[in-house]
Amino acid sequence: MDAQGHGQADDFDPADQWVFDPNTGSYELRLNPAGEPADISPQDRPAPRPRSRRRAPEPDPEPPPSRGRRRAAGKAEKAEKPAGPTSRRKPKPKKSKGKKVLYWTSGTLAFILVGGSVAAYLVYQHLNGNIKKVDVGENNAAVSDGPMNILVIGTDKRDGKGNEGYGDAGSVGHADTTLLFHVSEDRTNATALSIPRDMITDVPECSTKQEDGSRKKISGDQGVRFNTSLGQKGRDPGCTWATVEKLTGLEIDHFMMADFNAVKTLSTAVGGVEVCLGKDINDPKSHLKLPKGRHTIEGEDALAFVRTRHSVGYESDLDRIKLQQQFLSSMMRSMKSKGTLTSPSKMWDLANAATKALTVDTGIGTVNKLKDLALNLSKVDLKNVTFVTVPVYDNTDGATVLLDKAKAEPLFAMVRQDVSLTEVKKKEKADKAKQAAKLKGPKADPANVRVKVLNGSGQMGAAQETVDWMQNTEGMIRSSNGGNASAELKKTTLEYAPNQADQARRLADSMGLPASALKEGTEDAAPMAEMTLTLGADFKGAGTPISAPAKAPKDIQRVEADDKSVCAK
C-alpha cells in the first residue's frame, strides 16, 4: 500500500529537518518550508479565540523621537555598554552527547512488535495520514497507569509485489502470527505470549463496523483454528481481540496489525537483522536457503526466515514461532546496537517503511497517541522481556494443536497478576517481600472467621458457591452471602481491620489469595464485625487458588529478548 500524506517531503532532505521542541524535550521531524505552519491534526489544533464585536480603544502611540534625541540617546547607550561584541540573542548552552541521545530516543516508538511475520512501528507527525485505523468498538486511552496489554497481529494477506509465494491464495488475511504483549504496571518487565495459529479454540460472537457506520454481528464458532478469528466470515481485528481476551482472561488495551511487506521493509531499514542457524536450511516453500551459522538478513531473506518451518525442528508452526521470537529479539537489539534511534536518516527510513504497514485501533490512531504509548513502553529493559509460547499439545488429527490447560492457566494467571517471568530490580523484590509479610503470622481457627462475600466477578452465583465451599469444606461456618457488589472488579479483594489480621490470613490461606488482595484498614473492628471479601474477575471457582504461581511452569517454550545465543535447529 502506498504511503499517504508525505506533503513536500520530496523537496527536502529529511535528515536535515529535525527541530528541537522545548515544550516536549524531544526532536520533531518538520518537512514544511520555513515560515509555513507544520501539519497539525484537527484534535491537536488550539481552539480559535472568540471575536469581540467591539474593540477597546488603543492608547495613542508615543511619537518617535527627533533625530537629535535619537543621536543623544545613542551616545548615552554607547557610554553605558561595556566594550566587546554584542548579540541580540543569548548563547544557548551546548547539549552533552548523552542528552542528545535522550532527546532522539524520547521522540521514537522504541519498540518493535511481531507482525504478519514481524513488524515494527515507528511513526512521526508528518506520517500521521499513513496510519490506518479500525474501529473495534473500544476507544481506550493511549496510555494507562496500570499494566498494559497490546495485541499484535500479523496477517497472511499477500498484497504487494513479491508476495505471490506466501499465504493462502485469495485470503483476506487471517491471524497468521499473533502475540499478546503484556507490560507490567511498574514498567520493569514485559511478557510476550505467542499464540499458535493452528490451536483449536472458541471464537466468540463479535461485531464489525461497516462502511455506512453501522455495526454487524458475526456469529461465533466453537472448536476452530485460532487464525480464523480474523478474516473468516468478515471478522476484523476486534474479533481476534475478543478471542484472545476469552482465551487468556486478560483485558486488551490496543492492537497493531501488519502484513508480509512489513518484515521485508523494516529489516532493510534497520540495516539487517542477525540470526543464527544450528544447521543448514533449504526450504523450497519459504525460499530460504542459508548454511549453518550466523547471518545478517534483510528483505526477502528476512521474510523467508520468519516464514520457514519445513526445515527446522518437527516442521510445525511451533518451530516457526521459535524463529519469529529469535528474529524479533534480535531486531530489538539491532536497533539499539546500530544506532538507529540516534540517526535522523535511519529513523526516517524506518518510520517511512513502518507507516506503510501500520493498522491500529482508534485509541492510538494518531502519531501523538502512538508516541505517548511508545515513550511509556520504552521504559522496559530488554533484559526483562520474555517471549513465551502458549502451552499446547498435538491434536489427534496431526494438523492442529490443543491448549494445554494444566500449563497454560498458571502462565495466564502469572500475567494477569503481573508476575514477571524474569528477575527484576531489587526494589520490586523488596516491595513484594513487604506485601508477602501480610500473609505471615498466626491464623485464626476456621470457625472464628467472620466474612461477608460479595460477588463482583460477573459470574452468576459465585458468592453463594463460595459461601457453600467455605462452610462445608473449610469449616468457616460464620461466612455469609452479601449479594452482588456495587460494581464488577478485575481482582478479588479482602478488606479487614487490624484486629482481624489472623482471620484474614486464614481466609487468604484457604482461598489462595495473593498478598496484594489484602486491604487492611486503620481502625480495629467490633468483636462480631465481618470482614468483606469481594470476588473479582480473577475468581475461577470455589477452591481454585486465586494467587498466581511464583514461577512459570516447566518445559514451556520461551526466549529471553537479550539472549544472543539462540540458534534454530
# chains A, B, ... in the order shown; residues from 1 in each chain; ligands from 1
$ residues_around --residues "range 136-141 of chain A" --least-positions-apart "5" --cutoff "7 Å" --atoms "only C-alpha atoms" --output "short mmCIF file (atom, residue, chain, number, x, y, z; two decimals) with N, CA, C and O atoms, in the first residue's frame"
data_model
loop_
_atom_site.label_atom_id
_atom_site.label_comp_id
_atom_site.auth_asym_id
_atom_site.auth_seq_id
_atom_site.Cartn_x
_atom_site.Cartn_y
_atom_site.Cartn_z
N THR A 208 -18.50 -6.05 13.79
CA THR A 208 -17.57 -5.28 12.97
C THR A 208 -18.27 -4.05 12.44
O THR A 208 -19.47 -4.06 12.16
N GLY A 238 -11.03 -6.75 15.85
CA GLY A 238 -11.81 -6.76 17.09
C GLY A 238 -12.25 -8.16 17.47
O GLY A 238 -12.42 -8.48 18.66
N ASP A 253 -5.74 -3.60 25.72
CA ASP A 253 -5.84 -2.14 25.62
C ASP A 253 -5.83 -1.67 24.17
O ASP A 253 -6.60 -0.78 23.80
N ASP A 361 -5.99 0.39 16.40
CA ASP A 361 -7.32 0.75 16.86
C ASP A 361 -7.42 2.26 16.99
O ASP A 361 -6.40 2.97 17.01
N THR A 362 -8.62 2.77 17.10
CA THR A 362 -8.84 4.22 17.15
C THR A 362 -8.23 4.87 18.38
O THR A 362 -7.95 6.07 18.38
N GLY A 363 -8.02 4.10 19.44
CA GLY A 363 -7.44 4.66 20.67
C GLY A 363 -6.01 5.12 20.51
O GLY A 363 -5.52 5.96 21.27
#
$ select_by_dssp --residues "range 230-284 of chain A" --states "strand (DSSP E)" --output "PyMOL selection string"
chain A and resi 254-258+273-277+281-283
$ residues_around --residues "Gln210 in chain A" --least-positions-apart "6" --cutoff "12 Å" --atoms "only C-alpha atoms" --output "list of chain:residue names"
A:Val134, A:Asp135, A:Val136, A:Gly137, A:Lys216, A:Lys217, A:Ile218, A:Gly234, A:Arg235, A:Asp236
$ residues_around --residues "Lys264 in chain A" --least-positions-apart "3" --cutoff "9 Å" --atoms "only C-alpha atoms" --output "ChimeraX atom specification"
/A:118-119,260-261,267-269,298-303
$ select_by_dssp --residues "range 449-523 of chain A" --states "helix (DSSP H, G or I)" --output "ChimeraX atom specification"
/A:462-472,498-511,515-517
$ residues_around --residues "Asp418 in chain A" --least-positions-apart "5" --cutoff "9 Å" --atoms "only C-alpha atoms" --output "ChimeraX atom specification"
/A:147,182-185,413
$ write_last_selection --atoms "N, CA and C atoms" --output "mmCIF file, in the first residue's frame"
data_model
loop_
_atom_site.group_PDB
_atom_site.id
_atom_site.type_symbol
_atom_site.label_atom_id
_atom_site.label_comp_id
_atom_site.auth_asym_id
_atom_site.auth_seq_id
_atom_site.Cartn_x
_atom_site.Cartn_y
_atom_site.Cartn_z
ATOM 1 N N PRO A 147 -1.065 -2.065 34.362
ATOM 2 C CA PRO A 147 -0.470 -2.929 33.345
ATOM 3 C C PRO A 147 -1.134 -2.679 32.000
ATOM 4 N N HIS A 182 2.348 -8.108 27.124
ATOM 5 C CA HIS A 182 1.936 -7.599 28.439
ATOM 6 C C HIS A 182 3.082 -6.825 29.076
ATOM 7 N N VAL A 183 2.823 -5.558 29.432
ATOM 8 C CA VAL A 183 3.817 -4.714 30.090
ATOM 9 C C VAL A 183 3.383 -4.511 31.540
ATOM 10 N N SER A 184 4.285 -4.766 32.480
ATOM 11 C CA SER A 184 3.943 -4.699 33.901
ATOM 12 C C SER A 184 3.557 -3.286 34.325
ATOM 13 N N GLU A 185 2.844 -3.199 35.423
ATOM 14 C CA GLU A 185 2.366 -1.905 35.917
ATOM 15 C C GLU A 185 3.510 -0.949 36.206
ATOM 16 N N ALA A 413 -2.348 -16.885 34.616
ATOM 17 C CA ALA A 413 -2.555 -16.289 35.946
ATOM 18 C C ALA A 413 -1.384 -15.400 36.336
#
$ closest_residue --among "A:Leu373, A:Leu350, A:Leu179, A:Leu382" --to "Ser329 in chain A" --atoms "only C-alpha atoms"
A:Leu382
$ atom_distance --atom1 "CA of Leu494 in chain A" --atom2 "CA of Thr473 in chain A"
19.7 Å
$ residues_around --residues "range 559-565 of chain A" --least-positions-apart "2" --cutoff "10 Å" --atoms "only C-alpha atoms" --output "JSON, numbers by chain"
{"A": [191, 192, 274, 275, 276, 322, 325, 326, 327, 328, 329, 330, 331, 332, 333, 381, 382, 383, 384, 385, 386, 387, 388, 389, 421, 422, 556, 557, 567]}
$ atom_distance --atom1 "CA of Glu205 in chain A" --atom2 "CA of Cys239 in chain A"
7.7 Å
$ residues_around --residues "Pro204 in chain A" --least-positions-apart "5" --cutoff "7 Å" --atoms "only C-alpha atoms" --output "VMD selection string"
chain A and resid 220 to 221 242 to 243
$ closest_residue --among "A:Glu523, A:Asp283, A:Glu211, A:Asp538" --to "Arg307 in chain A" --atoms "only C-alpha atoms"
A:Asp283
$ closest_residue --among "A:Ser194, A:Ser229, A:Thr201, A:Thr534" --to "Leu323 in chain A" --atoms "only C-alpha atoms"
A:Ser194
$ closest_residue --among "A:Leu375, A:Phe305, A:Gly249, A:Glu474" --to "Phe539 in chain A" --atoms "only C-alpha atoms"
A:Gly249
$ atom_distance --atom1 "CA of Arg506 in chain A" --atom2 "CA of Lys443 in chain A"
4.9 Å
$ closest_residue --among "A:Lys132, A:Glu495, A:Pro446, A:Lys569" --to "Pro291 in chain A" --atoms "only C-alpha atoms"
A:Lys569
